[in-house]
>>> print(open('input.tsv').read())   # TSV, N, CA, C and O atoms
chain	number	residue	atom	x	y	z
A	97	MET	N	133.13	232.49	-56.19
A	97	MET	CA	132.42	231.27	-56.07
A	97	MET	C	133.26	230.30	-55.29
A	97	MET	O	134.45	230.35	-55.31
A	98	SER	N	132.62	229.42	-54.60
A	98	SER	CA	133.35	228.42	-53.85
A	98	SER	C	134.03	227.48	-54.82
A	98	SER	O	133.39	226.86	-55.65
A	99	LEU	N	135.34	227.38	-54.73
A	99	LEU	CA	136.08	226.53	-55.63
A	99	LEU	C	136.54	225.30	-54.88
A	99	LEU	O	137.01	225.38	-53.76
A	100	SER	N	136.38	224.16	-55.50
A	100	SER	CA	136.82	222.92	-54.88
A	100	SER	C	137.67	222.15	-55.86
A	100	SER	O	137.48	222.23	-57.06
A	101	GLU	N	138.61	221.39	-55.33
A	101	GLU	CA	139.48	220.58	-56.16
A	101	GLU	C	138.67	219.38	-56.66
A	101	GLU	O	138.05	218.66	-55.88
A	102	ASP	N	138.65	219.19	-57.95
A	102	ASP	CA	137.96	218.06	-58.56
A	102	ASP	C	139.00	217.22	-59.28
A	102	ASP	O	139.56	217.66	-60.26
A	103	ASN	N	139.26	216.02	-58.78
A	103	ASN	CA	140.29	215.14	-59.34
A	103	ASN	C	141.67	215.78	-59.28
A	103	ASN	O	142.47	215.62	-60.19
A	104	GLY	N	141.95	216.54	-58.26
A	104	GLY	CA	143.28	217.05	-58.04
A	104	GLY	C	143.64	218.34	-58.75
A	104	GLY	O	144.26	219.20	-58.17
A	105	ALA	N	143.28	218.54	-60.00
A	105	ALA	CA	143.79	219.69	-60.73
A	105	ALA	C	142.70	220.63	-61.22
A	105	ALA	O	142.92	221.83	-61.33
A	106	HIS	N	141.53	220.13	-61.52
A	106	HIS	CA	140.48	220.94	-62.11
A	106	HIS	C	139.68	221.65	-61.01
A	106	HIS	O	139.13	221.02	-60.13
A	107	LEU	N	139.63	222.99	-61.07
A	107	LEU	CA	138.85	223.76	-60.11
A	107	LEU	C	137.48	224.06	-60.71
A	107	LEU	O	137.38	224.43	-61.87
A	108	ARG	N	136.45	223.91	-59.91
A	108	ARG	CA	135.12	224.21	-60.41
A	108	ARG	C	134.30	224.85	-59.30
A	108	ARG	O	134.60	224.73	-58.13
A	109	ALA	N	133.25	225.53	-59.70
A	109	ALA	CA	132.38	226.18	-58.74
A	109	ALA	C	131.49	225.14	-58.06
A	109	ALA	O	131.04	224.21	-58.70
A	110	SER	N	131.26	225.32	-56.78
A	110	SER	CA	130.38	224.40	-56.09
A	110	SER	C	128.94	224.88	-56.18
A	110	SER	O	128.66	226.03	-56.48
A	111	ASP	N	128.04	224.00	-55.89
A	111	ASP	CA	126.61	224.27	-55.92
A	111	ASP	C	126.24	225.22	-54.78
A	111	ASP	O	126.74	225.08	-53.67
A	112	PRO	N	125.37	226.20	-55.03
A	112	PRO	CA	124.98	227.11	-53.94
A	112	PRO	C	124.26	226.39	-52.80
A	112	PRO	O	124.14	226.93	-51.71
A	113	LEU	N	123.78	225.18	-53.04
A	113	LEU	CA	123.12	224.42	-51.99
A	113	LEU	C	124.08	223.48	-51.27
A	113	LEU	O	123.67	222.65	-50.48
A	114	ASP	N	125.38	223.62	-51.54
A	114	ASP	CA	126.40	222.82	-50.88
A	114	ASP	C	126.37	223.11	-49.38
A	114	ASP	O	126.57	224.25	-48.97
A	115	PRO	N	126.13	222.10	-48.55
A	115	PRO	CA	126.03	222.36	-47.11
A	115	PRO	C	127.36	222.79	-46.49
A	115	PRO	O	127.37	223.37	-45.41
A	116	ASP	N	128.47	222.51	-47.15
A	116	ASP	CA	129.78	222.88	-46.61
A	116	ASP	C	130.23	224.28	-47.04
A	116	ASP	O	131.25	224.76	-46.54
A	117	ALA	N	129.50	224.92	-47.95
A	117	ALA	CA	129.88	226.25	-48.41
A	117	ALA	C	129.62	227.28	-47.32
A	117	ALA	O	128.56	227.27	-46.68
A	118	THR	N	130.58	228.13	-47.09
A	118	THR	CA	130.42	229.20	-46.10
A	118	THR	C	129.72	230.39	-46.75
A	118	THR	O	129.69	230.50	-47.99
A	119	PRO	N	129.17	231.29	-45.95
A	119	PRO	CA	128.58	232.49	-46.54
A	119	PRO	C	129.58	233.26	-47.41
A	119	PRO	O	129.23	233.79	-48.46
A	120	HIS	N	130.84	233.28	-46.98
A	120	HIS	CA	131.88	233.94	-47.75
A	120	HIS	C	132.04	233.27	-49.12
A	120	HIS	O	132.12	233.96	-50.15
A	121	ASP	N	132.06	231.95	-49.14
A	121	ASP	CA	132.16	231.21	-50.41
A	121	ASP	C	130.96	231.52	-51.31
A	121	ASP	O	131.11	231.70	-52.52
A	122	LEU	N	129.78	231.54	-50.71
A	122	LEU	CA	128.57	231.79	-51.49
A	122	LEU	C	128.55	233.21	-52.06
A	122	LEU	O	128.13	233.40	-53.20
A	123	LEU	N	128.99	234.19	-51.28
A	123	LEU	CA	129.03	235.55	-51.81
A	123	LEU	C	130.07	235.69	-52.92
A	123	LEU	O	129.84	236.38	-53.91
A	124	ASN	N	131.21	235.01	-52.76
A	124	ASN	CA	132.19	235.00	-53.85
A	124	ASN	C	131.59	234.35	-55.10
A	124	ASN	O	131.82	234.80	-56.22
A	125	GLY	N	130.83	233.28	-54.89
A	125	GLY	CA	130.16	232.61	-56.01
A	125	GLY	C	129.17	233.52	-56.69
A	125	GLY	O	129.08	233.55	-57.92
A	126	ALA	N	128.41	234.26	-55.90
A	126	ALA	CA	127.43	235.19	-56.48
A	126	ALA	C	128.12	236.22	-57.35
A	126	ALA	O	127.66	236.51	-58.46
A	127	ILE	N	129.22	236.75	-56.87
A	127	ILE	CA	129.98	237.74	-57.65
A	127	ILE	C	130.44	237.11	-58.97
A	127	ILE	O	130.32	237.72	-60.03
A	128	GLU	N	130.93	235.90	-58.90
A	128	GLU	CA	131.43	235.25	-60.11
A	128	GLU	C	130.30	235.00	-61.11
A	128	GLU	O	130.44	235.27	-62.30
A	129	TRP	N	129.17	234.47	-60.64
A	129	TRP	CA	128.03	234.23	-61.54
A	129	TRP	C	127.56	235.53	-62.18
A	129	TRP	O	127.26	235.56	-63.38
A	130	LEU	N	127.49	236.58	-61.39
A	130	LEU	CA	127.03	237.86	-61.93
A	130	LEU	C	128.04	238.46	-62.90
A	130	LEU	O	127.66	239.12	-63.88
A	131	GLN	N	129.32	238.22	-62.69
A	131	GLN	CA	130.32	238.67	-63.65
A	131	GLN	C	130.19	237.90	-64.96
A	131	GLN	O	130.36	238.49	-66.04
A	132	TYR	N	129.89	236.61	-64.89
A	132	TYR	CA	129.64	235.85	-66.11
A	132	TYR	C	128.45	236.44	-66.87
A	132	TYR	O	128.50	236.59	-68.09
A	133	ALA	N	127.38	236.74	-66.14
A	133	ALA	CA	126.19	237.30	-66.78
A	133	ALA	C	126.49	238.65	-67.42
A	133	ALA	O	126.06	238.94	-68.54
A	134	ARG	N	127.25	239.48	-66.73
A	134	ARG	CA	127.62	240.78	-67.27
A	134	ARG	C	128.47	240.63	-68.52
A	134	ARG	O	128.25	241.31	-69.53
A	135	GLY	N	129.44	239.74	-68.49
A	135	GLY	CA	130.29	239.51	-69.65
A	135	GLY	C	129.51	239.01	-70.86
A	135	GLY	O	129.73	239.47	-71.99
A	136	LEU	N	128.59	238.09	-70.61
A	136	LEU	CA	127.77	237.58	-71.69
A	136	LEU	C	126.85	238.67	-72.24
A	136	LEU	O	126.65	238.77	-73.46
A	137	SER	N	126.32	239.51	-71.36
A	137	SER	CA	125.48	240.63	-71.80
A	137	SER	C	126.26	241.58	-72.69
A	137	SER	O	125.76	242.04	-73.73
A	138	GLN	N	127.48	241.90	-72.28
A	138	GLN	CA	128.31	242.79	-73.08
A	138	GLN	C	128.65	242.18	-74.43
A	138	GLN	O	128.61	242.86	-75.45
A	139	LEU	N	128.99	240.90	-74.45
A	139	LEU	CA	129.30	240.21	-75.70
A	139	LEU	C	128.08	240.22	-76.62
A	139	LEU	O	128.19	240.51	-77.82
A	140	LEU	N	126.92	239.91	-76.07
A	140	LEU	CA	125.70	239.88	-76.86
A	140	LEU	C	125.38	241.27	-77.41
A	140	LEU	O	125.01	241.40	-78.59
A	141	ALA	N	125.55	242.30	-76.61
A	141	ALA	CA	125.30	243.67	-77.08
A	141	ALA	C	126.25	244.03	-78.21
A	141	ALA	O	125.83	244.62	-79.22
A	142	ASP	N	127.51	243.66	-78.09
A	142	ASP	CA	128.48	243.93	-79.16
A	142	ASP	C	128.10	243.22	-80.45
A	142	ASP	O	128.17	243.79	-81.54
A	143	LEU	N	127.68	241.96	-80.32
A	143	LEU	CA	127.29	241.20	-81.51
A	143	LEU	C	126.07	241.80	-82.19
A	143	LEU	O	125.98	241.86	-83.42
A	144	VAL	N	125.11	242.25	-81.39
A	144	VAL	CA	123.90	242.85	-81.96
A	144	VAL	C	124.24	244.16	-82.66
A	144	VAL	O	123.73	244.44	-83.75
A	145	HIS	N	125.12	244.96	-82.06
A	145	HIS	CA	125.50	246.23	-82.68
A	145	HIS	C	126.23	246.02	-84.00
A	145	HIS	O	126.07	246.81	-84.94
A	146	GLU	N	127.02	244.96	-84.10
A	146	GLU	CA	127.81	244.70	-85.30
A	146	GLU	C	127.03	243.95	-86.37
A	146	GLU	O	127.43	243.92	-87.52
A	147	SER	N	125.91	243.36	-86.01
A	147	SER	CA	125.17	242.51	-86.93
A	147	SER	C	124.12	243.30	-87.70
A	147	SER	O	123.49	244.22	-87.17
A	148	ASP	N	123.93	242.92	-88.97
A	148	ASP	CA	122.87	243.51	-89.76
A	148	ASP	C	121.55	242.82	-89.51
A	148	ASP	O	120.49	243.44	-89.56
A	149	VAL	N	121.62	241.52	-89.25
A	149	VAL	CA	120.43	240.71	-89.02
A	149	VAL	C	120.60	239.99	-87.68
A	149	VAL	O	121.65	239.44	-87.39
A	150	VAL	N	119.54	239.99	-86.88
A	150	VAL	CA	119.58	239.32	-85.58
A	150	VAL	C	118.75	238.05	-85.66
A	150	VAL	O	117.59	238.07	-86.07
A	151	ASP	N	119.36	236.94	-85.28
A	151	ASP	CA	118.66	235.65	-85.22
A	151	ASP	C	117.90	235.60	-83.90
A	151	ASP	O	118.51	235.47	-82.82
A	152	CYS	N	116.59	235.72	-83.97
A	152	CYS	CA	115.77	235.79	-82.75
A	152	CYS	C	115.89	234.54	-81.89
A	152	CYS	O	115.88	234.63	-80.66
A	153	ARG	N	116.03	233.36	-82.51
A	153	ARG	CA	116.15	232.13	-81.74
A	153	ARG	C	117.43	232.13	-80.91
A	153	ARG	O	117.43	231.81	-79.73
A	154	ARG	N	118.53	232.52	-81.54
A	154	ARG	CA	119.80	232.57	-80.82
A	154	ARG	C	119.79	233.69	-79.78
A	154	ARG	O	120.39	233.55	-78.71
A	155	MET	N	119.14	234.79	-80.10
A	155	MET	CA	119.04	235.89	-79.13
A	155	MET	C	118.28	235.42	-77.89
A	155	MET	O	118.69	235.69	-76.76
A	156	ALA	N	117.19	234.69	-78.12
A	156	ALA	CA	116.40	234.18	-76.99
A	156	ALA	C	117.23	233.22	-76.13
A	156	ALA	O	117.19	233.28	-74.90
A	157	LEU	N	117.99	232.33	-76.77
A	157	LEU	CA	118.84	231.41	-76.02
A	157	LEU	C	119.89	232.16	-75.21
A	157	LEU	O	120.17	231.82	-74.06
A	158	SER	N	120.46	233.19	-75.81
A	158	SER	CA	121.47	233.99	-75.10
A	158	SER	C	120.86	234.71	-73.90
A	158	SER	O	121.47	234.76	-72.83
A	159	LEU	N	119.68	235.25	-74.09
A	159	LEU	CA	119.02	235.94	-72.98
A	159	LEU	C	118.64	234.96	-71.86
A	159	LEU	O	118.73	235.30	-70.68
A	160	GLU	N	118.24	233.75	-72.25
A	160	GLU	CA	117.94	232.72	-71.24
A	160	GLU	C	119.20	232.34	-70.46
A	160	GLU	O	119.15	232.09	-69.25
A	161	ALA	N	120.32	232.29	-71.15
A	161	ALA	CA	121.59	231.98	-70.47
A	161	ALA	C	121.94	233.07	-69.47
A	161	ALA	O	122.37	232.78	-68.35
A	162	ILE	N	121.75	234.32	-69.86
A	162	ILE	CA	122.01	235.44	-68.95
A	162	ILE	C	121.09	235.35	-67.75
A	162	ILE	O	121.52	235.56	-66.60
A	163	ALA	N	119.82	235.03	-67.99
A	163	ALA	CA	118.87	234.88	-66.88
A	163	ALA	C	119.29	233.75	-65.94
A	163	ALA	O	119.20	233.89	-64.71
A	164	ALA	N	119.77	232.64	-66.49
A	164	ALA	CA	120.21	231.51	-65.66
A	164	ALA	C	121.43	231.88	-64.82
A	164	ALA	O	121.49	231.55	-63.62
A	165	LEU	N	122.39	232.58	-65.41
A	165	LEU	CA	123.57	233.01	-64.67
A	165	LEU	C	123.19	233.99	-63.55
A	165	LEU	O	123.70	233.89	-62.43
A	166	THR	N	122.31	234.91	-63.87
A	166	THR	CA	121.86	235.88	-62.87
A	166	THR	C	121.11	235.17	-61.75
A	166	THR	O	121.29	235.48	-60.56
A	167	ASN	N	120.29	234.18	-62.11
A	167	ASN	CA	119.55	233.42	-61.11
A	167	ASN	C	120.50	232.68	-60.16
A	167	ASN	O	120.26	232.63	-58.95
A	168	MET	N	121.58	232.13	-60.70
A	168	MET	CA	122.56	231.46	-59.84
A	168	MET	C	123.19	232.45	-58.86
A	168	MET	O	123.39	232.13	-57.69
A	169	GLY	N	123.48	233.66	-59.33
A	169	GLY	CA	124.01	234.69	-58.45
A	169	GLY	C	123.03	235.06	-57.34
A	169	GLY	O	123.41	235.21	-56.18
A	170	VAL	N	121.76	235.16	-57.70
A	170	VAL	CA	120.73	235.47	-56.71
A	170	VAL	C	120.58	234.33	-55.70
A	170	VAL	O	120.46	234.57	-54.49
A	171	GLN	N	120.62	233.09	-56.18
A	171	GLN	CA	120.52	231.94	-55.27
A	171	GLN	C	121.69	231.91	-54.29
A	171	GLN	O	121.50	231.65	-53.09
A	172	CYS	N	122.90	232.16	-54.78
A	172	CYS	CA	124.06	232.19	-53.91
A	172	CYS	C	123.93	233.28	-52.85
A	172	CYS	O	124.24	233.06	-51.67
A	173	THR	N	123.46	234.46	-53.27
A	173	THR	CA	123.28	235.57	-52.33
A	173	THR	C	122.23	235.24	-51.28
A	173	THR	O	122.42	235.48	-50.08
A	174	ALA	N	121.12	234.66	-51.72
A	174	ALA	CA	120.05	234.29	-50.78
A	174	ALA	C	120.52	233.24	-49.78
A	174	ALA	O	120.22	233.32	-48.58
A	175	GLN	N	121.27	232.25	-50.27
A	175	GLN	CA	121.79	231.21	-49.37
A	175	GLN	C	122.79	231.80	-48.37
A	175	GLN	O	122.78	231.43	-47.20
A	176	ALA	N	123.65	232.69	-48.85
A	176	ALA	CA	124.61	233.33	-47.94
A	176	ALA	C	123.88	234.11	-46.86
A	176	ALA	O	124.23	234.04	-45.68
A	177	HIS	N	122.84	234.85	-47.24
A	177	HIS	CA	122.07	235.64	-46.27
A	177	HIS	C	121.40	234.72	-45.25
A	177	HIS	O	121.44	234.98	-44.04
A	178	ALA	N	120.80	233.64	-45.74
A	178	ALA	CA	120.13	232.71	-44.84
A	178	ALA	C	121.12	232.07	-43.86
A	178	ALA	O	120.84	231.96	-42.66
A	179	ARG	N	122.28	231.69	-44.36
A	179	ARG	CA	123.28	231.05	-43.48
A	179	ARG	C	123.85	232.04	-42.47
A	179	ARG	O	124.09	231.69	-41.32
A	180	MET	N	124.07	233.29	-42.89
A	180	MET	CA	124.56	234.29	-41.94
A	180	MET	C	123.51	234.57	-40.87
A	180	MET	O	123.84	234.69	-39.68
A	181	SER	N	122.24	234.64	-41.27
A	181	SER	CA	121.16	234.87	-40.29
A	181	SER	C	121.05	233.70	-39.34
A	181	SER	O	120.87	233.88	-38.13
A	182	TRP	N	121.15	232.49	-39.86
A	182	TRP	CA	121.09	231.29	-39.03
A	182	TRP	C	122.25	231.25	-38.05
A	182	TRP	O	122.07	230.99	-36.86
A	183	ASP	N	123.45	231.55	-38.52
A	183	ASP	CA	124.63	231.56	-37.65
A	183	ASP	C	124.49	232.62	-36.57
A	183	ASP	O	124.84	232.39	-35.40
A	184	GLN	N	123.98	233.79	-36.94
A	184	GLN	CA	123.80	234.87	-35.97
A	184	GLN	C	122.78	234.48	-34.90
A	184	GLN	O	122.99	234.71	-33.71
A	185	ALA	N	121.68	233.86	-35.32
A	185	ALA	CA	120.66	233.43	-34.36
A	185	ALA	C	121.21	232.33	-33.45
A	185	ALA	O	120.96	232.33	-32.24
A	186	ARG	N	121.98	231.41	-34.02
A	186	ARG	CA	122.56	230.33	-33.22
A	186	ARG	C	123.56	230.89	-32.21
A	186	ARG	O	123.57	230.50	-31.04
A	187	ASP	N	124.38	231.84	-32.64
A	187	ASP	CA	125.36	232.45	-31.74
A	187	ASP	C	124.66	233.23	-30.62
A	187	ASP	O	125.09	233.17	-29.46
A	188	ALA	N	123.60	233.94	-30.96
A	188	ALA	CA	122.85	234.69	-29.94
A	188	ALA	C	122.19	233.75	-28.95
A	188	ALA	O	122.19	234.00	-27.74
A	189	SER	N	121.68	232.63	-29.44
A	189	SER	CA	121.05	231.64	-28.56
A	189	SER	C	122.09	231.03	-27.62
A	189	SER	O	121.82	230.86	-26.42
A	190	ALA	N	123.26	230.73	-28.16
A	190	ALA	CA	124.32	230.16	-27.31
A	190	ALA	C	124.79	231.18	-26.28
A	190	ALA	O	125.02	230.83	-25.12
A	191	PHE	N	124.90	232.44	-26.68
A	191	PHE	CA	125.30	233.50	-25.75
A	191	PHE	C	124.27	233.63	-24.64
A	191	PHE	O	124.63	233.73	-23.45
A	192	ASN	N	122.99	233.62	-25.00
A	192	ASN	CA	121.92	233.74	-23.98
A	192	ASN	C	121.92	232.54	-23.04
A	192	ASN	O	121.70	232.69	-21.84
A	193	ALA	N	122.18	231.35	-23.57
A	193	ALA	CA	122.22	230.16	-22.73
A	193	ALA	C	123.37	230.24	-21.73
A	193	ALA	O	123.22	229.90	-20.55
A	194	VAL	N	124.53	230.72	-22.18
A	194	VAL	CA	125.68	230.88	-21.29
A	194	VAL	C	125.38	231.96	-20.25
A	194	VAL	O	125.67	231.80	-19.06
A	195	ALA	N	124.79	233.08	-20.68
A	195	ALA	CA	124.48	234.16	-19.76
A	195	ALA	C	123.47	233.73	-18.71
A	195	ALA	O	123.60	234.06	-17.53
A	196	GLU	N	122.47	232.96	-19.12
A	196	GLU	CA	121.47	232.48	-18.17
A	196	GLU	C	122.08	231.45	-17.21
A	196	GLU	O	121.73	231.40	-16.04
A	197	GLY	N	123.00	230.67	-17.70
A	197	GLY	CA	123.67	229.66	-16.88
A	197	GLY	C	124.54	230.31	-15.81
A	197	GLY	O	124.62	229.83	-14.69
A	198	THR	N	125.17	231.44	-16.09
A	198	THR	CA	126.02	232.10	-15.11
A	198	THR	C	125.19	232.87	-14.11
A	198	THR	O	125.58	232.99	-12.96
A	199	GLU	N	124.03	233.35	-14.52
A	199	GLU	CA	123.16	234.08	-13.58
A	199	GLU	C	122.47	233.12	-12.62
A	199	GLU	O	122.15	233.49	-11.50
A	200	ALA	N	122.22	231.88	-13.05
A	200	ALA	CA	121.51	230.92	-12.21
A	200	ALA	C	122.36	230.46	-11.05
A	200	ALA	O	121.84	230.01	-10.04
A	201	LYS	N	123.67	230.58	-11.12
A	201	LYS	CA	124.56	230.10	-10.04
A	201	LYS	C	124.50	230.97	-8.86
A	201	LYS	O	124.33	231.89	-8.46
>>> encode(input="input.tsv", output="structure tokens")
Amino acid sequence: MSLSEDNGAHLRASDPLDPDATPHDLLNGAIEWLQYARGLSQLLADLVHESDVVDCRRMALSLEAIAALTNMGVQCTAQAHARMSWDQARDASAFNAVAEGTEAK
């Protein structure tokens, strides 16, 4: 995930809609969000296996948290893909403009 200095010492993940985040930052963020979701899923599975009674309300909240973490990973991946595609199209357009400019001379 894209990490930024917040008040000098505290590192935190940036928003996937951060205009300054690079595709590399966004893909790292996606990996981190998905690792959080995986860890929470494993913890929840362990708790369910060890428990005699399952609290459905807490189970639902836990599953919603996993869905939210997974959704953040998907958003980061989608943003990274869009930015890479945009950069590639912009680079191709600039290359074509330069190529056309040299042929016109």
>>> residues_around(input="input.tsv", residues="Leu140 (chain A)", least_positions_apart="6", cutoff="12 Å", atoms="only C-alpha atoms", output="JSON, numbers by chain")
{"A": [133, 134, 146, 147, 150, 151, 154, 155, 156, 157, 158, 159, 160, 161, 162]}
>>> atom_distance(input="input.tsv", atom1="atom N of Gln175 (chain A)", atom2="CA of Leu139 (chain A)")
27.8 Å
>>> residues_around(input="input.tsv", residues="Gly169 (chain A)", least_positions_apart="4", cutoff="5 Å", atoms="only N, CA, C and O atoms", output="NGL selection string")
:A and (126 or 130 or 165 or 173)
>>> write_last_selection(input="input.tsv", atoms="N, CA, C and O atoms", output="compact mmCIF listing (two decimals), in the coordinates of the input")
# COMPACT_ATOMS: atom_id res chain seq x y z
N ALA A 126 128.41 234.26 -55.90
CA ALA A 126 127.43 235.19 -56.48
C ALA A 126 128.12 236.22 -57.35
O ALA A 126 127.66 236.51 -58.46
N LEU A 130 127.49 236.58 -61.39
CA LEU A 130 127.03 237.86 -61.93
C LEU A 130 128.04 238.46 -62.90
O LEU A 130 127.66 239.12 -63.88
N LEU A 165 122.39 232.58 -65.41
CA LEU A 165 123.57 233.01 -64.67
C LEU A 165 123.19 233.99 -63.55
O LEU A 165 123.70 233.89 -62.43
N THR A 173 123.46 234.46 -53.27
CA THR A 173 123.28 235.57 -52.33
C THR A 173 122.23 235.24 -51.28
O THR A 173 122.42 235.48 -50.08
>>> residues_around(input="input.tsv", residues="Thr118 (chain A)", least_positions_apart="2", cutoff="8 Å", atoms="only N, CA, C and O atoms", output="PyMOL selection string")
chain A and resi 98+112+114-116+120-125+172+175-176+179-180
>>> atom_distance(input="input.tsv", atom1="CA of Tyr132 (chain A)", atom2="CA of Arg153 (chain A)")
21.0 Å
>>> atom_distance(input="input.tsv", atom1="CA of Cys152 (chain A)", atom2="CA of Thr166 (chain A)")
20.8 Å
>>> closest_residue(input="input.tsv", among="A:Asp142, A:Trp129, A:His177, A:Ser137", to="Ala164 (chain A)", atoms="all atoms listed in the file")
A:Trp129
>>> axis_aligned_box(input="input.tsv", around="region 184-187 of chain A", padding_each_side="6 Å", output="JSON")
{"center_x": 123.0, "center_y": 232.6, "center_z": -33.2, "size_x": 16.7, "size_y": 16.5, "size_z": 19.5}
>>> select_by_dssp(input="input.tsv", residues="chain A", states="helix (DSSP H, G or I)", output="PyMOL selection string")
chain A and resi 119-146+152-200
>>> select_by_dssp(input="input.tsv", residues="chain A", states="strand (DSSP E or B)", output="PDB file with N, CA, C and O atoms, keeping the file's coordinate frame")
ATOM      1  N   LEU A  99     135.340 227.380 -54.730  1.00  0.00           N
ATOM      2  CA  LEU A  99     136.080 226.530 -55.630  1.00  0.00           C
ATOM      3  C   LEU A  99     136.540 225.300 -54.880  1.00  0.00           C
ATOM      4  O   LEU A  99     137.010 225.380 -53.760  1.00  0.00           O
ATOM      5  N   SER A 100     136.380 224.160 -55.500  1.00  0.00           N
ATOM      6  CA  SER A 100     136.820 222.920 -54.880  1.00  0.00           C
ATOM      7  C   SER A 100     137.670 222.150 -55.860  1.00  0.00           C
ATOM      8  O   SER A 100     137.480 222.230 -57.060  1.00  0.00           O
ATOM      9  N   GLU A 101     138.610 221.390 -55.330  1.00  0.00           N
ATOM     10  CA  GLU A 101     139.480 220.580 -56.160  1.00  0.00           C
ATOM     11  C   GLU A 101     138.670 219.380 -56.660  1.00  0.00           C
ATOM     12  O   GLU A 101     138.050 218.660 -55.880  1.00  0.00           O
ATOM     13  N   ASP A 102     138.650 219.190 -57.950  1.00  0.00           N
ATOM     14  CA  ASP A 102     137.960 218.060 -58.560  1.00  0.00           C
ATOM     15  C   ASP A 102     139.000 217.220 -59.280  1.00  0.00           C
ATOM     16  O   ASP A 102     139.560 217.660 -60.260  1.00  0.00           O
ATOM     17  N   HIS A 106     141.530 220.130 -61.520  1.00  0.00           N
ATOM     18  CA  HIS A 106     140.480 220.940 -62.110  1.00  0.00           C
ATOM     19  C   HIS A 106     139.680 221.650 -61.010  1.00  0.00           C
ATOM     20  O   HIS A 106     139.130 221.020 -60.130  1.00  0.00           O
ATOM     21  N   LEU A 107     139.630 222.990 -61.070  1.00  0.00           N
ATOM     22  CA  LEU A 107     138.850 223.760 -60.110  1.00  0.00           C
ATOM     23  C   LEU A 107     137.480 224.060 -60.710  1.00  0.00           C
ATOM     24  O   LEU A 107     137.380 224.430 -61.870  1.00  0.00           O
ATOM     25  N   ARG A 108     136.450 223.910 -59.910  1.00  0.00           N
ATOM     26  CA  ARG A 108     135.120 224.210 -60.410  1.00  0.00           C
ATOM     27  C   ARG A 108     134.300 224.850 -59.300  1.00  0.00           C
ATOM     28  O   ARG A 108     134.600 224.730 -58.130  1.00  0.00           O
ATOM     29  N   ALA A 109     133.250 225.530 -59.700  1.00  0.00           N
ATOM     30  CA  ALA A 109     132.380 226.180 -58.740  1.00  0.00           C
ATOM     31  C   ALA A 109     131.490 225.140 -58.060  1.00  0.00           C
ATOM     32  O   ALA A 109     131.040 224.210 -58.700  1.00  0.00           O
TER      33      ALA A 109
END
>>> build_atoms(input="input.tsv", residues="region 123-127 of chain A", atoms="all heavy atoms", output="PDB file, in the coordinates of the input")
ATOM      1  N   LEU A 123     128.990 234.190 -51.280  1.00  0.00           N
ATOM      2  CA  LEU A 123     129.030 235.550 -51.810  1.00  0.00           C
ATOM      3  C   LEU A 123     130.070 235.690 -52.920  1.00  0.00           C
ATOM      4  O   LEU A 123     129.840 236.380 -53.910  1.00  0.00           O
ATOM      5  CB  LEU A 123     129.297 236.544 -50.674  1.00  0.00           C
ATOM      6  CG  LEU A 123     128.141 236.717 -49.701  1.00  0.00           C
ATOM      7  CD1 LEU A 123     128.557 237.592 -48.524  1.00  0.00           C
ATOM      8  CD2 LEU A 123     126.926 237.298 -50.399  1.00  0.00           C
ATOM      9  N   ASN A 124     131.210 235.010 -52.760  1.00  0.00           N
ATOM     10  CA  ASN A 124     132.190 235.000 -53.850  1.00  0.00           C
ATOM     11  C   ASN A 124     131.590 234.350 -55.100  1.00  0.00           C
ATOM     12  O   ASN A 124     131.820 234.800 -56.220  1.00  0.00           O
ATOM     13  CB  ASN A 124     133.463 234.271 -53.437  1.00  0.00           C
ATOM     14  CG  ASN A 124     134.331 235.107 -52.530  1.00  0.00           C
ATOM     15  OD1 ASN A 124     134.214 236.326 -52.484  1.00  0.00           O
ATOM     16  ND2 ASN A 124     135.197 234.446 -51.799  1.00  0.00           N
ATOM     17  N   GLY A 125     130.830 233.280 -54.890  1.00  0.00           N
ATOM     18  CA  GLY A 125     130.160 232.610 -56.010  1.00  0.00           C
ATOM     19  C   GLY A 125     129.170 233.520 -56.690  1.00  0.00           C
ATOM     20  O   GLY A 125     129.080 233.550 -57.920  1.00  0.00           O
ATOM     21  N   ALA A 126     128.410 234.260 -55.900  1.00  0.00           N
ATOM     22  CA  ALA A 126     127.430 235.190 -56.480  1.00  0.00           C
ATOM     23  C   ALA A 126     128.120 236.220 -57.350  1.00  0.00           C
ATOM     24  O   ALA A 126     127.660 236.510 -58.460  1.00  0.00           O
ATOM     25  CB  ALA A 126     126.638 235.877 -55.366  1.00  0.00           C
ATOM     26  N   ILE A 127     129.220 236.750 -56.870  1.00  0.00           N
ATOM     27  CA  ILE A 127     129.980 237.740 -57.650  1.00  0.00           C
ATOM     28  C   ILE A 127     130.440 237.110 -58.970  1.00  0.00           C
ATOM     29  O   ILE A 127     130.320 237.720 -60.030  1.00  0.00           O
ATOM     30  CB  ILE A 127     131.175 238.276 -56.846  1.00  0.00           C
ATOM     31  CG1 ILE A 127     130.682 239.151 -55.702  1.00  0.00           C
ATOM     32  CG2 ILE A 127     132.137 239.037 -57.747  1.00  0.00           C
ATOM     33  CD1 ILE A 127     131.746 239.502 -54.689  1.00  0.00           C
TER      34      ILE A 127
END
